[in-house]
Amino acid sequence: MRAVASKAERAVTKRVLARFVAPLLAIAAGGRGRSRSRARAACAVLGLWFVFAQPARAQPTGAELLGSSNFADIQRGVEAVAGSGDPHALPILAAMQEGRLYARGDRSLAAKSSDGSYTDPLTGAAIANPGAVKPVRLNNNVRRALDAALGALRLFSPDPGTRQIAAEAIFKGRDPAALPALNRAIGEEKEPGVNRTMEQARASALLLKNDASDTDKLAAIATLRDRGDIDARAMLATLATGQPPAVTAAVAEAVNAIDLHLRLWSWLQNAYYGLSLGSVLLLAAAGLAITFGVMGVINMAHGELLMIGAYATYLVQNAIRAHAPLLSGASLLIAVPVAFVVAGAVGIAIERLMIRYLYGRPLETLLATFGLSLVLQQGVRSIFGPTNLSVTTPDWMSGAIGLGGLSLTANRLCIILFAIAVFAALQAALRYTSLGLRMRAVTQNRRMASAMGIRTPWIDAMTFGLGSGVAGMAGVALSQIDNVSPNLGQGYIIDSFMVVVFGGVGNLWGTAVGALTLGVLNKFLEPVAGAVLGKIVVLIAIILFIQRRPRGLFPTKGRFVEA
Amino acid sequence: MLSDTPVLTRRALGGLSLAAATAAATGFRPGSARAQASSGPIKLGILHSLSGTMAISETTLKDVMLMLIDQQNAAGGVLGRKLEAVVVDPASNWPLFAEKARQLISVDKVAACFGCWTSVSRKSVLPVFEELNGILFYPVQYEGEESSRNVFYTGAAPNQQAIPAVDYLMGDNGVKRWVLAGTDYVYPRTTNKILEAYLKQKGVKPDDIMINYTPFGHSDWQNIVSQIKAFGSSGKKTAVVSTINGDANVPFYKELGNQGVKATDIPVVAFSVGEEELAGLDTAPLVGHLAAWNYFMSVDTPDNKDFIAKWHAFTKNEKRTTNDPMEAHYIGFNMWVKAVEKAGTTDSDAVIDSLIGVSVPNLSGGDSTLMPNHHVTKPVLIGEIQADGQFNIVSQTPGLIVAQEWSPYLEGSRDLIADWRRPMSCGNFNVKTGKCGGVSKS
């Protein structure tokens, strides 16, 4: 370790001498102007160098550069530390990536622990009095160099998961300097999956190596072509010029093959996006399908019930963080029933205090509920403030799952499953519970139901509460993909009405089919027409459709349908 | 059914007349006509939405103005008189902005107004301020292409934000391919037009520029993010320049995080995302994405530390963030105070004249000066998002940048300049024709 450092110091000395002694000689020989100022700079640098040349302990080469304020220097420092072969390079760079590395006044390094104390990354010993420290600075270029460097250092980690991440990092960093390490790692690797990634990493680095033979390059192109994803395409595309004809042709062919492959997958990908948007629309509209579809109440405050669900999620998460941190992974699952109860209670209150006086007067209901929506928004704004609140996403809902050429984002996948569950539960509640039976009876023939002894006002309140509760549950899902702000509901109210009217008022299945149709249609139009035009096209299509079939996709039939 | 209708009308009318009565009661206060007199408090109008969609951004600006006025009063006021804030709520409703502006100037007789956020609200009040000869300080970065005698633009013009950001990505990151993504309204459209012309002038091919607009509040970014990924797979270094506004940002960044678009692969530089917007986000997956502003809360100057400490004390909340438009109000307010003291009066014409050339310290280091084009000189900072929701400043222009209110990159405004000093006194002087108001149609 000492030997390494002192050897490096000697090398630095040699370079500095070579660079700065020449101007000194020039000044001795009577040099003028520019070289004199260069000489002065040289003296200053030499002086500085003597101050810093003897660090407190022997650090890996380049470590002193990490404390610089110049990003280019820091990047060179990372590369030098990684290439030093020093056993401390890994802990130093790992601490740097986690943002725990600090530079002290003498340019030696200190790593901060989670409890706020500092340790020496070289010895692991605690530093009692670190003095003035400043964090080692990072920017995107440094971070990129750091990822690649850590990749090369972690290729031999005992954990296959770490090796996989390391190989992936080299694949993206494509540094030919990592090739010897990669070759050695490929020889030792037993896991086939990790081995494949390492081969791909070697291929990507090899393609940038100027003196690689054509055969090696062609083999590398074939490896990348087999990988067949968007990253592989990007790497191949950089080789389009300045290569021997055989390589250029192979690259062009491989890029075309990947493009074709990607285009096929992109259809499925769009279908997934459509499904996901459709499930969000379904969730948002399911509650409305009850209150508007089944009961016929035009509830403009429906969006605010979604918002209340999202705020309930926020409160549940806060409460869990404060009182039961162990449950925080399940906070969303706990928020679902809470949001249902809270939004349902608000819904029942709205029905009892306002809507029941307005049955049969749709225009007044519309105006009153619109006013109510403004009141609810401003109320929430006064209580929680106008800014967005942060609802955290649990780990199991972050990131994406790769499936062939598809990338299924975890949060969207969860929302699709949640939408299916909510829809099934709603159908079951209407069909198999006694409350559901009474609801259907009241909506089909109120007077007959009343004559049979059903308390119709109570059923009205419960039905409205059920629809509102479902909206609250949808709010839990929306908190994961949208702003939790007082304006949350406004973005969904128009879409919700559109879905219910398009699907057919009074028909839950119609709402489901309508939501999915609109979602998929939107997502296939968007890449072609753009988001703004896509929305307009969908709206016009719905208007034309309603002209032809005023009762929507699945009109309710039967004697109880009002004329 | 029919018999109910008159009831509704009566009720609605009752409500309306009640509202009118309230408005009258608050608006026509006895003695308000004397407010502009040389004794009694000097009134300042605060014209920021406290309800509706823009409340999320504008409420903070109302609070910062109240704090600045409080501090000035504690320091003895201006010209020996106390300052008094007149707060109105235009409720994110553009025509209401004009009404409220008229009320502030002609009923409350305010000496100056601080307000507006969106360009459309500014365009809505502009004729009112010009007609009644009021003074408006506008604190938000905007698309330029405007200079009014009665408006002082303390936010950034495109060359004080967008162009340095693009230069940074081109130089330090070697970006060759650009996605210009924005919300579909005037600010992103104009900014992107300027950027497109600038990039083409720098030798970027039209194939390497992708322009994408989305509606306000767009919440489903799945396709667009995957389109950006595909666009970035051509082998050239790609970056996204985002003029996406307001509510649409959170879902956009969430989708970026979920689809794994890392800043080391495709960096996103945003012009409308600050500390406040990040407060509702888990920033861990977004580390390294960029924003360009003239101020960040993380700026390490004594003035800024002092400002943040006072802000926390004023709001009694240690977690409240500060942001760029707040700093713009800080600059604008101090400029107004200085100009009034220089003029010795709050009379509009005198203050408008004495404001030009006034120089006050900004919070990012340096002194901002109000130029004859009614814009302010500003340093440009590029910051990377950190895991704690703050910005790590990775680049700063060496000096202060003078605003180009008329962009030299746009056909229609290339020959225009604004200079409100006499004898020119013109917001759109055409140097080719030598005439004022000569907007050359492209």
# chains A, B, ... in the order shown; residues from 1 in each chain; ligands from 1

$ interface_residues --of "chain A" --to "chain B" --cutoff "6 Å" --atoms "only C-alpha atoms" --output "list in words"
Asn140, Arg144, Ala234, Met235, Ala237, Thr238, Pro386, Thr387, Asn388, Leu389, Ser390, Gly399, Ile481, Asp482, Ala531 and Val532 of chain A

$ write_last_selection --atoms "all heavy atoms" --output "tab-separated table (two decimals), in the first residue's frame"
chain	number	residue	atom	x	y	z
A	140	ASN	N	-23.56	14.66	-13.00
A	140	ASN	CA	-23.91	13.49	-13.81
A	140	ASN	C	-22.68	12.82	-14.41
A	140	ASN	O	-22.61	11.60	-14.47
A	140	ASN	CB	-24.89	13.88	-14.91
A	140	ASN	CG	-26.29	14.05	-14.36
A	140	ASN	OD1	-26.64	13.39	-13.39
A	140	ASN	ND2	-27.07	14.92	-14.95
A	144	ARG	N	-21.61	9.05	-13.58
A	144	ARG	CA	-21.45	8.04	-14.63
A	144	ARG	C	-20.12	7.32	-14.46
A	144	ARG	O	-20.06	6.09	-14.50
A	144	ARG	CB	-21.54	8.72	-16.00
A	144	ARG	CG	-22.15	7.87	-17.07
A	144	ARG	CD	-22.34	8.66	-18.35
A	144	ARG	NE	-23.35	9.70	-18.22
A	144	ARG	CZ	-23.17	10.98	-18.58
A	144	ARG	NH1	-22.02	11.38	-19.07
A	144	ARG	NH2	-24.14	11.85	-18.43
A	234	ALA	N	-29.01	1.52	-28.84
A	234	ALA	CA	-28.29	2.79	-28.70
A	234	ALA	C	-26.79	2.56	-28.87
A	234	ALA	O	-26.10	3.36	-29.51
A	234	ALA	CB	-28.59	3.41	-27.34
A	235	MET	N	-26.27	1.47	-28.29
A	235	MET	CA	-24.83	1.22	-28.39
A	235	MET	C	-24.43	0.93	-29.83
A	235	MET	O	-23.43	1.44	-30.31
A	235	MET	CB	-24.48	0.01	-27.56
A	235	MET	CG	-24.88	0.26	-26.17
A	235	MET	SD	-23.82	-0.48	-25.03
A	235	MET	CE	-24.26	0.57	-23.67
A	237	ALA	N	-25.92	1.86	-32.49
A	237	ALA	CA	-26.10	3.02	-33.36
A	237	ALA	C	-24.89	3.96	-33.31
A	237	ALA	O	-24.64	4.68	-34.28
A	237	ALA	CB	-27.37	3.77	-32.98
A	238	THR	N	-24.16	3.97	-32.20
A	238	THR	CA	-23.00	4.86	-32.14
A	238	THR	C	-21.91	4.42	-33.11
A	238	THR	O	-21.00	5.18	-33.41
A	238	THR	CB	-22.37	4.88	-30.74
A	238	THR	OG1	-22.12	3.54	-30.35
A	238	THR	CG2	-23.26	5.56	-29.74
A	386	PRO	N	-51.93	24.65	0.14
A	386	PRO	CA	-52.15	24.49	-1.30
A	386	PRO	C	-51.12	23.61	-2.00
A	386	PRO	O	-51.30	23.21	-3.13
A	386	PRO	CB	-52.06	25.93	-1.83
A	386	PRO	CG	-51.15	26.61	-0.87
A	386	PRO	CD	-51.36	25.96	0.47
A	387	THR	N	-50.02	23.30	-1.31
A	387	THR	CA	-48.94	22.59	-2.00
A	387	THR	C	-49.20	21.09	-2.07
A	387	THR	O	-50.01	20.55	-1.32
A	387	THR	CB	-47.60	22.82	-1.29
A	387	THR	OG1	-47.82	22.64	0.10
A	387	THR	CG2	-47.09	24.21	-1.53
A	388	ASN	N	-48.48	20.44	-2.96
A	388	ASN	CA	-48.58	18.99	-3.09
A	388	ASN	C	-48.09	18.32	-1.82
A	388	ASN	O	-47.10	18.74	-1.24
A	388	ASN	CB	-47.70	18.50	-4.24
A	388	ASN	CG	-48.28	18.86	-5.56
A	388	ASN	OD1	-49.48	19.07	-5.68
A	388	ASN	ND2	-47.44	18.93	-6.57
A	389	LEU	N	-48.77	17.26	-1.43
A	389	LEU	CA	-48.28	16.47	-0.30
A	389	LEU	C	-47.59	15.24	-0.84
A	389	LEU	O	-47.92	14.75	-1.91
A	389	LEU	CB	-49.44	16.07	0.60
A	389	LEU	CG	-50.16	17.25	1.26
A	389	LEU	CD1	-51.31	16.74	2.09
A	389	LEU	CD2	-49.20	18.03	2.12
A	390	SER	N	-46.63	14.77	-0.06
A	390	SER	CA	-45.85	13.65	-0.55
A	390	SER	C	-46.39	12.35	0.02
A	390	SER	O	-46.36	12.12	1.22
A	390	SER	CB	-44.40	13.87	-0.16
A	390	SER	OG	-43.74	12.67	-0.01
A	399	GLY	N	-40.31	0.87	-9.58
A	399	GLY	CA	-39.51	0.22	-10.61
A	399	GLY	C	-40.38	-0.48	-11.64
A	399	GLY	O	-41.58	-0.27	-11.72
A	481	ILE	N	-50.01	7.89	-8.55
A	481	ILE	CA	-49.59	8.30	-9.89
A	481	ILE	C	-49.79	9.78	-10.14
A	481	ILE	O	-49.33	10.30	-11.14
A	481	ILE	CB	-50.34	7.50	-10.99
A	481	ILE	CG1	-51.83	7.57	-10.75
A	481	ILE	CG2	-49.86	6.08	-11.04
A	481	ILE	CD1	-52.63	7.02	-11.91
A	482	ASP	N	-50.46	10.48	-9.24
A	482	ASP	CA	-50.78	11.88	-9.52
A	482	ASP	C	-50.43	12.73	-8.30
A	482	ASP	O	-50.02	12.22	-7.27
A	482	ASP	CB	-52.27	11.99	-9.88
A	482	ASP	CG	-52.50	13.13	-10.86
A	482	ASP	OD1	-51.71	14.08	-10.85
A	482	ASP	OD2	-53.48	13.08	-11.61
A	531	ALA	N	-50.53	14.13	-27.67
A	531	ALA	CA	-51.45	14.03	-26.54
A	531	ALA	C	-52.65	14.96	-26.70
A	531	ALA	O	-53.78	14.59	-26.41
A	531	ALA	CB	-50.72	14.34	-25.25
A	532	VAL	N	-52.41	16.18	-27.20
A	532	VAL	CA	-53.49	17.16	-27.29
A	532	VAL	C	-54.50	16.73	-28.35
A	532	VAL	O	-55.70	16.60	-28.09
A	532	VAL	CB	-52.92	18.55	-27.62
A	532	VAL	CG1	-54.03	19.57	-27.63
A	532	VAL	CG2	-51.86	18.95	-26.60

$ residues_around --residues "range 137-151 of chain B" --least-positions-apart "6" --cutoff "7 Å" --atoms "only C-alpha atoms" --output "list of chain:residue names"
B:Cys113, B:Phe114, B:Gly115, B:Cys116, B:Trp117, B:Ser119, B:Phe129, B:Glu130, B:Ala157, B:Pro158, B:Tyr187, B:Thr190, B:Thr191, B:Pro325, B:Ala328, B:His329, B:Gly332, B:Asn373, B:His374, B:Glu405, B:Trp406, B:Ser407, B:Ala418, B:Trp420, B:Gly427

$ atom_distance --atom1 "CA of Trp336 in chain B" --atom2 "CA of Val351 in chain B"
7.8 Å

$ atom_distance --atom1 "CA of Glu275 in chain B" --atom2 "CA of Met297 in chain B"
7.4 Å

$ residues_around --residues "Ala424 in chain A" --least-positions-apart "2" --cutoff "12 Å" --atoms "only C-alpha atoms" --output "ChimeraX atom specification"
/A:282-283,286,417-422,426-432,470,508-509,512

$ residues_around --residues "Phe314 in chain B" --least-positions-apart "4" --cutoff "12 Å" --atoms "only C-alpha atoms" --output "PyMOL selection string"
chain B and resi 60+63-71+307-310+318+320

$ atom_distance --atom1 "CA of Asn430 in chain B" --atom2 "CA of Leu416 in chain B"
4.6 Å

$ closest_residue --among "A:Asn318, A:Ser213, A:Thr197, A:Thr123" --to "Arg227 in chain A" --atoms "only C-alpha atoms"
A:Thr197

$ residues_around --residues "Gly365 in chain B" --least-positions-apart "5" --cutoff "10 Å" --atoms "only C-alpha atoms" --output "JSON list (two decimals) with N, CA, C and O atoms, in the first residue's frame"
[["chain", "number", "residue", "atom", "x", "y", "z"],
["B", 295, "TYR", "N", -31.92, 31.36, -8.91],
["B", 295, "TYR", "CA", -31.75, 31.24, -7.46],
["B", 295, "TYR", "C", -32.11, 29.82, -7.07],
["B", 295, "TYR", "O", -33.05, 29.23, -7.63],
["B", 299, "VAL", "N", -28.26, 27.95, -2.41],
["B", 299, "VAL", "CA", -27.19, 28.91, -2.67],
["B", 299, "VAL", "C", -26.49, 29.26, -1.37],
["B", 299, "VAL", "O", -27.15, 29.52, -0.35],
["B", 300, "ASP", "N", -25.15, 29.23, -1.39],
["B", 300, "ASP", "CA", -24.39, 29.39, -0.16],
["B", 300, "ASP", "C", -23.90, 30.84, -0.03],
["B", 300, "ASP", "O", -22.73, 31.12, -0.24],
["B", 301, "THR", "N", -24.81, 31.76, 0.27],
["B", 301, "THR", "CA", -24.38, 33.15, 0.53],
["B", 301, "THR", "C", -24.97, 33.58, 1.87],
["B", 301, "THR", "O", -26.03, 33.08, 2.26],
["B", 302, "PRO", "N", -24.31, 34.50, 2.57],
["B", 302, "PRO", "CA", -24.84, 34.97, 3.86],
["B", 302, "PRO", "C", -26.23, 35.58, 3.71],
["B", 302, "PRO", "O", -27.11, 35.34, 4.54],
["B", 303, "ASP", "N", -26.45, 36.35, 2.63],
["B", 303, "ASP", "CA", -27.75, 36.96, 2.40],
["B", 303, "ASP", "C", -28.85, 35.92, 2.34],
["B", 303, "ASP", "O", -29.94, 36.08, 2.88],
["B", 304, "ASN", "N", -28.54, 34.81, 1.63],
["B", 304, "ASN", "CA", -29.55, 33.78, 1.45],
["B", 304, "ASN", "C", -29.83, 33.08, 2.77],
["B", 304, "ASN", "O", -30.98, 32.80, 3.11],
["B", 378, "LYS", "N", -29.41, 39.10, -14.04],
["B", 378, "LYS", "CA", -29.45, 37.94, -13.14],
["B", 378, "LYS", "C", -28.33, 36.97, -13.44],
["B", 378, "LYS", "O", -27.96, 36.80, -14.60],
["B", 379, "PRO", "N", -27.81, 36.28, -12.41],
["B", 379, "PRO", "CA", -26.91, 35.17, -12.68],
["B", 379, "PRO", "C", -27.75, 33.94, -13.05],
["B", 379, "PRO", "O", -28.91, 33.86, -12.66],
["B", 399, "GLY", "N", -20.84, 35.98, -14.64],
["B", 399, "GLY", "CA", -21.35, 37.30, -14.27],
["B", 399, "GLY", "C", -22.86, 37.31, -14.31],
["B", 399, "GLY", "O", -23.50, 36.27, -14.35],
["B", 400, "LEU", "N", -23.43, 38.50, -14.29],
["B", 400, "LEU", "CA", -24.88, 38.63, -14.40],
["B", 400, "LEU", "C", -25.27, 38.81, -15.86],
["B", 400, "LEU", "O", -24.56, 39.46, -16.63]]

$ select_by_dssp --residues "range 185-406 of chain A" --states "alpha helix (DSSP H)" --output "count of residues only"
155

$ closest_residue --among "A:Ala310, A:Ala330, A:Ala252, A:Ala400" --to "Gln480 in chain A" --atoms "only C-alpha atoms"
A:Ala310

$ residues_around --residues "Asn210 in chain A" --least-positions-apart "5" --cutoff "12 Å" --atoms "only C-alpha atoms" --output "list in words"
Asp175, Pro176, Ala177, Ala205, Asp216, Lys217, Leu239, Gly242, Gln243 and Pro244 of chain A

$ write_last_selection --atoms "N, CA and C atoms" --output "PDB file, in the first residue's frame"
ATOM      1  N   ASP A 175     -16.492   1.062 -20.864  1.00  0.00           N
ATOM      2  CA  ASP A 175     -15.114   1.511 -20.754  1.00  0.00           C
ATOM      3  C   ASP A 175     -14.177   0.365 -21.138  1.00  0.00           C
ATOM      4  N   PRO A 176     -13.412   0.517 -22.221  1.00  0.00           N
ATOM      5  CA  PRO A 176     -12.514  -0.584 -22.629  1.00  0.00           C
ATOM      6  C   PRO A 176     -11.522  -0.963 -21.536  1.00  0.00           C
ATOM      7  N   ALA A 177     -11.258  -0.041 -20.594  1.00  0.00           N
ATOM      8  CA  ALA A 177     -10.304  -0.350 -19.529  1.00  0.00           C
ATOM      9  C   ALA A 177     -10.811  -1.467 -18.629  1.00  0.00           C
ATOM     10  N   ALA A 205     -18.057  -2.919 -24.423  1.00  0.00           N
ATOM     11  CA  ALA A 205     -16.764  -2.264 -24.220  1.00  0.00           C
ATOM     12  C   ALA A 205     -15.831  -2.544 -25.400  1.00  0.00           C
ATOM     13  N   ASP A 216     -13.689 -10.054 -33.634  1.00  0.00           N
ATOM     14  CA  ASP A 216     -14.178  -9.776 -32.284  1.00  0.00           C
ATOM     15  C   ASP A 216     -15.362  -8.836 -32.336  1.00  0.00           C
ATOM     16  N   LYS A 217     -15.234  -7.794 -33.184  1.00  0.00           N
ATOM     17  CA  LYS A 217     -16.309  -6.811 -33.267  1.00  0.00           C
ATOM     18  C   LYS A 217     -17.602  -7.452 -33.771  1.00  0.00           C
ATOM     19  N   LEU A 239     -21.973   3.165 -33.578  1.00  0.00           N
ATOM     20  CA  LEU A 239     -20.907   2.641 -34.434  1.00  0.00           C
ATOM     21  C   LEU A 239     -21.188   2.842 -35.913  1.00  0.00           C
ATOM     22  N   GLY A 242     -17.254   5.299 -39.480  1.00  0.00           N
ATOM     23  CA  GLY A 242     -15.842   5.148 -39.168  1.00  0.00           C
ATOM     24  C   GLY A 242     -15.417   3.728 -38.867  1.00  0.00           C
ATOM     25  N   GLN A 243     -16.110   2.737 -39.397  1.00  0.00           N
ATOM     26  CA  GLN A 243     -15.764   1.342 -39.156  1.00  0.00           C
ATOM     27  C   GLN A 243     -15.494   0.660 -40.502  1.00  0.00           C
ATOM     28  N   PRO A 244     -14.816  -0.487 -40.468  1.00  0.00           N
ATOM     29  CA  PRO A 244     -14.649  -1.238 -41.716  1.00  0.00           C
ATOM     30  C   PRO A 244     -16.018  -1.617 -42.291  1.00  0.00           C
TER      31      PRO A 244
END

$ residues_around --residues "Phe384 in chain A" --least-positions-apart "6" --cutoff "12 Å" --atoms "only C-alpha atoms" --output "list of chain:residue names"
A:Ile308, A:Tyr311, A:Ala312, A:Tyr314, A:Leu315, A:Leu376, A:Gln377, A:Gln378, A:Ser390, A:Val484, A:Ser485, A:Pro486, B:Ile56

$ write_last_selection --atoms "C-alpha atoms" --output "mmCIF file, in the first residue's frame"
data_model
loop_
_atom_site.group_PDB
_atom_site.id
_atom_site.type_symbol
_atom_site.label_atom_id
_atom_site.label_comp_id
_atom_site.auth_asym_id
_atom_site.auth_seq_id
_atom_site.Cartn_x
_atom_site.Cartn_y
_atom_site.Cartn_z
ATOM 1 C CA ILE A 308 -60.507 12.896 -0.038
ATOM 2 C CA TYR A 311 -55.683 12.752 1.505
ATOM 3 C CA ALA A 312 -56.850 9.865 3.704
ATOM 4 C CA TYR A 314 -51.579 10.673 3.237
ATOM 5 C CA LEU A 315 -52.915 10.799 6.793
ATOM 6 C CA LEU A 376 -64.449 20.910 -0.474
ATOM 7 C CA GLN A 377 -61.397 21.980 -2.501
ATOM 8 C CA GLN A 378 -60.957 25.210 -0.616
ATOM 9 C CA SER A 390 -45.851 13.649 -0.549
ATOM 10 C CA VAL A 484 -51.959 14.810 -3.918
ATOM 11 C CA SER A 485 -53.252 18.359 -4.044
ATOM 12 C CA PRO A 486 -56.659 20.007 -3.684
ATOM 13 C CA ILE B 56 -50.221 25.883 -5.201
#

$ closest_residue --among "B:Ile194, B:Ser242, B:Gly171, B:Asp208" --to "Leu410 in chain B" --atoms "only C-alpha atoms"
B:Ile194
